[in-house]
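Asker: Just one file: coords32.pdb, with PDB, C-alpha atoms, pLDDT in the B column.
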MODEL        1
ATOM      1  CA  MET A   1       0.000   0.000   0.000  1.00 54.00           C
ATOM      2  CA  GLU A   2       2.854   2.429   0.846  1.00 62.00           C
ATOM      3  CA  ILE A   3       4.523   1.688  -2.481  1.00 67.00           C
ATOM      4  CA  PHE A   4       1.268   2.445  -4.320  1.00 54.00           C
ATOM      5  CA  ILE A   5       0.890   5.784  -2.464  1.00 61.00           C
ATOM      6  CA  GLY A   6       4.517   6.661  -3.229  1.00 57.00           C
ATOM      7  CA  ILE A   7       4.099   5.872  -6.929  1.00 64.00           C
ATOM      8  CA  ALA A   8       0.824   7.844  -7.049  1.00 52.00           C
ATOM      9  CA  GLY A   9       2.557  10.803  -5.376  1.00 54.00           C
ATOM     10  CA  LEU A  10       5.398  10.716  -7.899  1.00 54.00           C
ATOM     11  CA  LEU A  11       2.927  10.488 -10.762  1.00 53.00           C
ATOM     12  CA  ILE A  12       0.966  13.490  -9.463  1.00 62.00           C
ATOM     13  CA  ALA A  13       4.189  15.470  -8.972  1.00 56.00           C
ATOM     14  CA  TRP A  14       5.359  14.627 -12.504  1.00 56.00           C
ATOM     15  CA  LEU A  15       1.984  15.584 -14.033  1.00 54.00           C
ATOM     16  CA  THR A  16       1.935  18.858 -12.085  1.00 58.00           C
ATOM     17  CA  TYR A  17       5.461  19.704 -13.206  1.00 59.00           C
ATOM     18  CA  HIS A  18       4.680  18.806 -16.802  1.00 54.00           C
ATOM     19  CA  LYS A  19       1.451  20.811 -16.830  1.00 56.00           C
ATOM     20  CA  THR A  20       3.099  23.834 -15.195  1.00 56.00           C
ATOM     21  CA  PHE A  21       6.351  24.056 -17.148  1.00 56.00           C
ATOM     22  CA  ASN A  22       6.014  21.967 -20.300  1.00 53.00           C
ATOM     23  CA  SER A  23       2.432  22.500 -21.365  1.00 51.00           C
ATOM     24  CA  LYS A  24       1.615  24.205 -24.631  1.00 54.00           C
ATOM     25  CA  PRO A  25      -1.274  26.422 -23.587  1.00 64.00           C
ATOM     26  CA  ASP A  26      -3.359  27.871 -26.380  1.00 76.00           C
ATOM     27  CA  GLU A  27      -4.489  30.876 -24.352  1.00 79.00           C
ATOM     28  CA  GLU A  28      -0.940  32.134 -23.724  1.00 82.00           C
ATOM     29  CA  ARG A  29       0.003  31.503 -27.355  1.00 84.00           C
ATOM     30  CA  ASN A  30      -3.055  33.396 -28.605  1.00 86.00           C
ATOM     31  CA  ASN A  31      -2.248  36.309 -26.299  1.00 88.00           C
ATOM     32  CA  LEU A  32       1.337  36.347 -27.558  1.00 90.00           C
ATOM     33  CA  LEU A  33       0.174  36.312 -31.174  1.00 92.00           C
ATOM     34  CA  GLY A  34      -2.210  39.195 -30.511  1.00 92.00           C
ATOM     35  CA  VAL A  35       0.483  41.332 -28.897  1.00 93.00           C
ATOM     36  CA  PHE A  36       2.874  40.324 -31.689  1.00 94.00           C
ATOM     37  CA  MET A  37       0.458  41.600 -34.338  1.00 95.00           C
ATOM     38  CA  VAL A  38      -0.121  44.893 -32.499  1.00 93.00           C
ATOM     39  CA  THR A  39       3.637  45.383 -32.109  1.00 95.00           C
ATOM     40  CA  GLN A  40       4.173  44.472 -35.759  1.00 96.00           C
ATOM     41  CA  LYS A  41       1.641  47.131 -36.793  1.00 95.00           C
ATOM     42  CA  LEU A  42       3.255  49.725 -34.507  1.00 95.00           C
ATOM     43  CA  HIS A  43       6.685  48.938 -35.945  1.00 96.00           C
ATOM     44  CA  LEU A  44       5.404  49.470 -39.487  1.00 97.00           C
ATOM     45  CA  GLU A  45       3.752  52.716 -38.383  1.00 96.00           C
ATOM     46  CA  VAL A  46       7.084  53.998 -37.023  1.00 96.00           C
ATOM     47  CA  GLN A  47       8.796  53.056 -40.292  1.00 97.00           C
ATOM     48  CA  SER A  48       6.076  54.914 -42.178  1.00 97.00           C
ATOM     49  CA  LEU A  49       6.565  58.043 -40.053  1.00 96.00           C
ATOM     50  CA  LEU A  50      10.300  57.975 -40.727  1.00 96.00           C
ATOM     51  CA  GLN A  51       9.727  57.525 -44.460  1.00 97.00           C
ATOM     52  CA  LYS A  52       7.080  60.267 -44.555  1.00 95.00           C
ATOM     53  CA  TYR A  53       9.408  62.738 -42.853  1.00 94.00           C
ATOM     54  CA  MET A  54      12.191  61.930 -45.305  1.00 95.00           C
ATOM     55  CA  ASP A  55       9.880  62.250 -48.303  1.00 96.00           C
ATOM     56  CA  GLU A  56       8.276  65.515 -47.223  1.00 93.00           C
ATOM     57  CA  ASN A  57      11.474  67.209 -46.044  1.00 92.00           C
ATOM     58  CA  ASN A  58      14.135  65.679 -48.278  1.00 94.00           C
ATOM     59  CA  GLY A  59      15.326  64.448 -44.925  1.00 92.00           C
ATOM     60  CA  ALA A  60      17.164  61.182 -45.489  1.00 95.00           C
ATOM     61  CA  ASN A  61      20.409  62.827 -44.365  1.00 96.00           C
ATOM     62  CA  HIS A  62      18.869  64.892 -41.563  1.00 93.00           C
ATOM     63  CA  GLU A  63      20.108  63.806 -38.166  1.00 92.00           C
ATOM     64  CA  ILE A  64      17.563  62.366 -35.804  1.00 90.00           C
ATOM     65  CA  TYR A  65      20.286  61.861 -33.165  1.00 90.00           C
ATOM     66  CA  PRO A  66      23.879  63.097 -33.244  1.00 94.00           C
ATOM     67  CA  ASN A  67      25.633  61.339 -36.146  1.00 96.00           C
ATOM     68  CA  ILE A  68      22.551  59.197 -36.900  1.00 95.00           C
ATOM     69  CA  THR A  69      20.410  60.067 -39.905  1.00 96.00           C
ATOM     70  CA  PHE A  70      16.778  59.338 -40.610  1.00 96.00           C
ATOM     71  CA  GLN A  71      17.841  56.944 -43.369  1.00 97.00           C
ATOM     72  CA  GLN A  72      20.154  55.019 -41.049  1.00 97.00           C
ATOM     73  CA  THR A  73      17.378  54.808 -38.474  1.00 96.00           C
ATOM     74  CA  LEU A  74      14.857  53.575 -41.042  1.00 97.00           C
ATOM     75  CA  ASN A  75      17.308  50.965 -42.339  1.00 97.00           C
ATOM     76  CA  MET A  76      17.913  49.723 -38.792  1.00 96.00           C
ATOM     77  CA  TYR A  77      14.166  49.491 -38.137  1.00 96.00           C
ATOM     78  CA  LYS A  78      13.619  47.550 -41.351  1.00 97.00           C
ATOM     79  CA  GLN A  79      16.342  45.057 -40.398  1.00 96.00           C
ATOM     80  CA  GLU A  80      14.943  44.657 -36.887  1.00 94.00           C
ATOM     81  CA  PHE A  81      11.479  44.077 -38.331  1.00 95.00           C
ATOM     82  CA  GLU A  82      12.694  41.286 -40.613  1.00 95.00           C
ATOM     83  CA  LYS A  83      14.564  39.581 -37.782  1.00 94.00           C
ATOM     84  CA  GLY A  84      11.916  39.820 -35.092  1.00 91.00           C
ATOM     85  CA  LEU A  85       8.482  40.876 -36.349  1.00 93.00           C
ATOM     86  CA  SER A  86       8.089  39.639 -39.910  1.00 94.00           C
ATOM     87  CA  ASP A  87       5.212  37.444 -41.057  1.00 94.00           C
ATOM     88  CA  LYS A  88       7.687  34.545 -41.173  1.00 94.00           C
ATOM     89  CA  VAL A  89       8.403  34.953 -37.450  1.00 91.00           C
ATOM     90  CA  TYR A  90       4.673  35.227 -36.774  1.00 93.00           C
ATOM     91  CA  GLN A  91       3.968  31.987 -38.638  1.00 93.00           C
ATOM     92  CA  ASP A  92       6.757  30.240 -36.729  1.00 89.00           C
ATOM     93  CA  LEU A  93       5.257  31.337 -33.403  1.00 87.00           C
ATOM     94  CA  LYS A  94       1.791  30.357 -34.542  1.00 88.00           C
ATOM     95  CA  ASN A  95       2.671  26.936 -35.935  1.00 89.00           C
ATOM     96  CA  ASN A  96       5.501  25.745 -33.690  1.00 82.00           C
ATOM     97  CA  GLN A  97       3.939  23.272 -31.296  1.00 75.00           C
ATOM     98  CA  ILE A  98       7.100  22.572 -29.292  1.00 79.00           C
ATOM     99  CA  TYR A  99       7.105  25.928 -27.489  1.00 79.00           C
ATOM    100  CA  THR A 100       6.422  25.465 -23.812  1.00 80.00           C
ATOM    101  CA  LYS A 101       4.683  27.831 -21.435  1.00 80.00           C
ATOM    102  CA  SER A 102       8.114  29.081 -20.378  1.00 83.00           C
ATOM    103  CA  ASN A 103       9.167  29.740 -23.999  1.00 86.00           C
ATOM    104  CA  ILE A 104       5.961  31.636 -24.661  1.00 87.00           C
ATOM    105  CA  GLU A 105       6.433  33.731 -21.516  1.00 87.00           C
ATOM    106  CA  THR A 106       9.964  34.636 -22.624  1.00 90.00           C
ATOM    107  CA  PHE A 107       8.706  35.675 -26.065  1.00 91.00           C
ATOM    108  CA  GLN A 108       5.890  37.651 -24.440  1.00 91.00           C
ATOM    109  CA  ASN A 109       8.358  39.597 -22.288  1.00 93.00           C
ATOM    110  CA  MET A 110      10.552  40.360 -25.308  1.00 93.00           C
ATOM    111  CA  ILE A 111       7.572  41.554 -27.378  1.00 94.00           C
ATOM    112  CA  ASP A 112       6.255  43.664 -24.477  1.00 93.00           C
ATOM    113  CA  THR A 113       9.656  45.330 -24.085  1.00 94.00           C
ATOM    114  CA  GLN A 114       9.885  45.996 -27.809  1.00 94.00           C
ATOM    115  CA  HIS A 115       6.319  47.345 -27.912  1.00 94.00           C
ATOM    116  CA  ASN A 116       7.023  49.785 -25.075  1.00 94.00           C
ATOM    117  CA  ALA A 117      10.255  50.966 -26.723  1.00 94.00           C
ATOM    118  CA  LEU A 118       8.424  51.487 -30.019  1.00 95.00           C
ATOM    119  CA  LEU A 119       5.698  53.536 -28.332  1.00 94.00           C
ATOM    120  CA  GLN A 120       8.297  55.711 -26.656  1.00 95.00           C
ATOM    121  CA  PHE A 121      10.235  56.190 -29.900  1.00 95.00           C
ATOM    122  CA  LYS A 122       7.051  56.966 -31.833  1.00 94.00           C
ATOM    123  CA  ASN A 123       6.153  59.700 -29.341  1.00 93.00           C
ATOM    124  CA  GLN A 124       9.668  61.148 -29.507  1.00 93.00           C
ATOM    125  CA  LEU A 125       9.560  60.995 -33.292  1.00 92.00           C
ATOM    126  CA  LEU A 126       6.193  62.758 -33.484  1.00 92.00           C
ATOM    127  CA  PHE A 127       7.489  65.460 -31.137  1.00 91.00           C
ATOM    128  CA  PHE A 128      10.681  65.836 -33.195  1.00 86.00           C
ATOM    129  CA  ILE A 129       8.756  66.051 -36.465  1.00 84.00           C
ATOM    130  CA  SER A 130       6.275  68.596 -35.113  1.00 86.00           C
ATOM    131  CA  SER A 131       9.094  70.776 -33.735  1.00 85.00           C
ATOM    132  CA  LYS A 132      10.926  70.713 -37.085  1.00 75.00           C
ATOM    133  CA  THR A 133       7.857  71.545 -39.175  1.00 67.00           C
ATOM    134  CA  ASN A 134       6.570  74.367 -36.952  1.00 63.00           C
TER     135      ASN A 134
ENDMDL
END
As structure tokens, how would this structure be written, given the file I've shared?

Answerer:
Amino acid sequence: MEIFIGIAGLLIAWLTYHKTFNSKPDEERNNLLGVFMVTQKLHLEVQSLLQKYMDENNGANHEIYPNITFQQTLNMYKQEFEKGLSDKVYQDLKNNQIYTKSNIETFQNMIDTQHNALLQFKNQLLFFISSKTN
């Protein structure tokens, strides 16, 4: 009887561990995909603002920061987008069934950080553009 209780306890512990750390929860994945898409859209919006400024002000060589031009900034944003927010990355996140709850949480934190940085940069960019055009 004691052996049976011990085995049952180990089985319950293993199932709890597996469910907590190795599960592939759809809810967390769906939340990640939603935030990914919003961040993807925001990233494209920032790229569009940079491009619009350059087009309207012949501003590719204007400095947005010391020794950093609008064109350099746009190129960097385009590269970052391809590496981290492209449709290919989205499809990988959506279709990869081996990601665990822990993996998804890590991706979520990275996307949240990137989203917040993009919002801050967008606000700075809008302020910069409005101060230059007024």

Asker: Go through A:Phe81, A:Tyr90, A:Phe70, A:Phe127 and flag the residue nearest Glu45 (chain A), using only C-alpha atoms for the distances.

Answerer: A:Phe81

Asker: Find the distance between CA of Glu27 (chain A) and CA of His115 (chain A) and write it in Å to one decimal.

Answerer: 20.0 Å

Asker: Take the point (4.8, 50.4, -26.9) in the file's coordinates, draw a sphere of radius 12 Å around it, and report as a CSV table (one decimal) with C-alpha atoms, in the frame of the given file every protein, DNA or RNA residue with an atom inside or on it, counting all atoms listed in the file.

Answerer:
chain,number,residue,atom,x,y,z
A,35,VAL,CA,0.5,41.3,-28.9
A,36,PHE,CA,2.9,40.3,-31.7
A,38,VAL,CA,-0.1,44.9,-32.5
A,39,THR,CA,3.6,45.4,-32.1
A,40,GLN,CA,4.2,44.5,-35.8
A,41,LYS,CA,1.6,47.1,-36.8
A,42,LEU,CA,3.3,49.7,-34.5
A,43,HIS,CA,6.7,48.9,-35.9
A,45,GLU,CA,3.8,52.7,-38.4
A,46,VAL,CA,7.1,54.0,-37.0
A,110,MET,CA,10.6,40.4,-25.3
A,111,ILE,CA,7.6,41.6,-27.4
A,112,ASP,CA,6.3,43.7,-24.5
A,113,THR,CA,9.7,45.3,-24.1
A,114,GLN,CA,9.9,46.0,-27.8
A,115,HIS,CA,6.3,47.3,-27.9
A,116,ASN,CA,7.0,49.8,-25.1
A,117,ALA,CA,10.3,51.0,-26.7
A,118,LEU,CA,8.4,51.5,-30.0
A,119,LEU,CA,5.7,53.5,-28.3
A,120,GLN,CA,8.3,55.7,-26.7
A,121,PHE,CA,10.2,56.2,-29.9
A,122,LYS,CA,7.1,57.0,-31.8
A,123,ASN,CA,6.2,59.7,-29.3

Asker: Which of these, A:Arg29, A:His62, A:Lys88, A:Lys78, has the shortest distance to Asn103 (chain A) once you count all atoms listed in the file?

Answerer: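 Looking only at the distances to Asn103 (chain A), the closest residue turns out to be A:Arg29.
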
Asker: Mind telling me what the PyMOL selection byres ((chain A and resi 129) around 12) catches here, as a short mmCIF file (atom, residue, chain, number, x, y, z; two decimals) with C-alpha atoms, in the coordinates of the input?

Answerer:
data_model
loop_
_atom_site.label_atom_id
_atom_site.label_comp_id
_atom_site.auth_asym_id
_atom_site.auth_seq_id
_atom_site.Cartn_x
_atom_site.Cartn_y
_atom_site.Cartn_z
CA LEU A 49 6.56 58.04 -40.05
CA LEU A 50 10.30 57.98 -40.73
CA GLN A 51 9.73 57.52 -44.46
CA LYS A 52 7.08 60.27 -44.56
CA TYR A 53 9.41 62.74 -42.85
CA MET A 54 12.19 61.93 -45.30
CA GLU A 56 8.28 65.52 -47.22
CA ASN A 57 11.47 67.21 -46.04
CA GLY A 59 15.33 64.45 -44.92
CA HIS A 62 18.87 64.89 -41.56
CA GLU A 63 20.11 63.81 -38.17
CA ILE A 64 17.56 62.37 -35.80
CA PHE A 70 16.78 59.34 -40.61
CA PHE A 121 10.24 56.19 -29.90
CA LYS A 122 7.05 56.97 -31.83
CA ASN A 123 6.15 59.70 -29.34
CA GLN A 124 9.67 61.15 -29.51
CA LEU A 125 9.56 61.00 -33.29
CA LEU A 126 6.19 62.76 -33.48
CA PHE A 127 7.49 65.46 -31.14
CA PHE A 128 10.68 65.84 -33.20
CA SER A 130 6.28 68.60 -35.11
CA SER A 131 9.09 70.78 -33.74
CA LYS A 132 10.93 70.71 -37.08
CA THR A 133 7.86 71.54 -39.17
CA ASN A 134 6.57 74.37 -36.95
#

Asker: So which residues touch Glu105 (chain A) within 9 Å, counting all atoms listed in the file, skipping near sequence neighbours fewer than 3 positions away, as a PDB file with C-alpha atoms, keeping the file's coordinate frame?

Answerer:
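Final output, saved to around09.pdb:
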ATOM      1  CA  GLU A  28      -0.940  32.134 -23.724  1.00 82.00           C
ATOM      2  CA  ARG A  29       0.003  31.503 -27.355  1.00 84.00           C
ATOM      3  CA  LEU A  32       1.337  36.347 -27.558  1.00 90.00           C
ATOM      4  CA  THR A 100       6.422  25.465 -23.812  1.00 80.00           C
ATOM      5  CA  LYS A 101       4.683  27.831 -21.435  1.00 80.00           C
ATOM      6  CA  SER A 102       8.114  29.081 -20.378  1.00 83.00           C
ATOM      7  CA  GLN A 108       5.890  37.651 -24.440  1.00 91.00           C
ATOM      8  CA  ASN A 109       8.358  39.597 -22.288  1.00 93.00           C
ATOM      9  CA  MET A 110      10.552  40.360 -25.308  1.00 93.00           C
TER      10      MET A 110
END

Asker: Quote the spacing between CA of Phe107 (chain A) and CA of Leu74 (chain A) in Å to one decimal place.

Answerer: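 Calculated distance between CA of Phe107 (chain A) and CA of Leu74 (chain A) is 24.1 Å.
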
Asker: What is the CA of Tyr65 (chain A)-CA of Tyr77 (chain A) distance in Å, reported with one decimal?

Answerer: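 Separation of CA of Tyr65 (chain A) and CA of Tyr77 (chain A): 14.7 Å.
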
Asker: Here is a test: counting all atoms listed in the file, which residue of A:Gln91, A:Asn75, A:Thr106, A:Asn30 is nearest to Gln47 (chain A)?

Answerer: A:Asn75
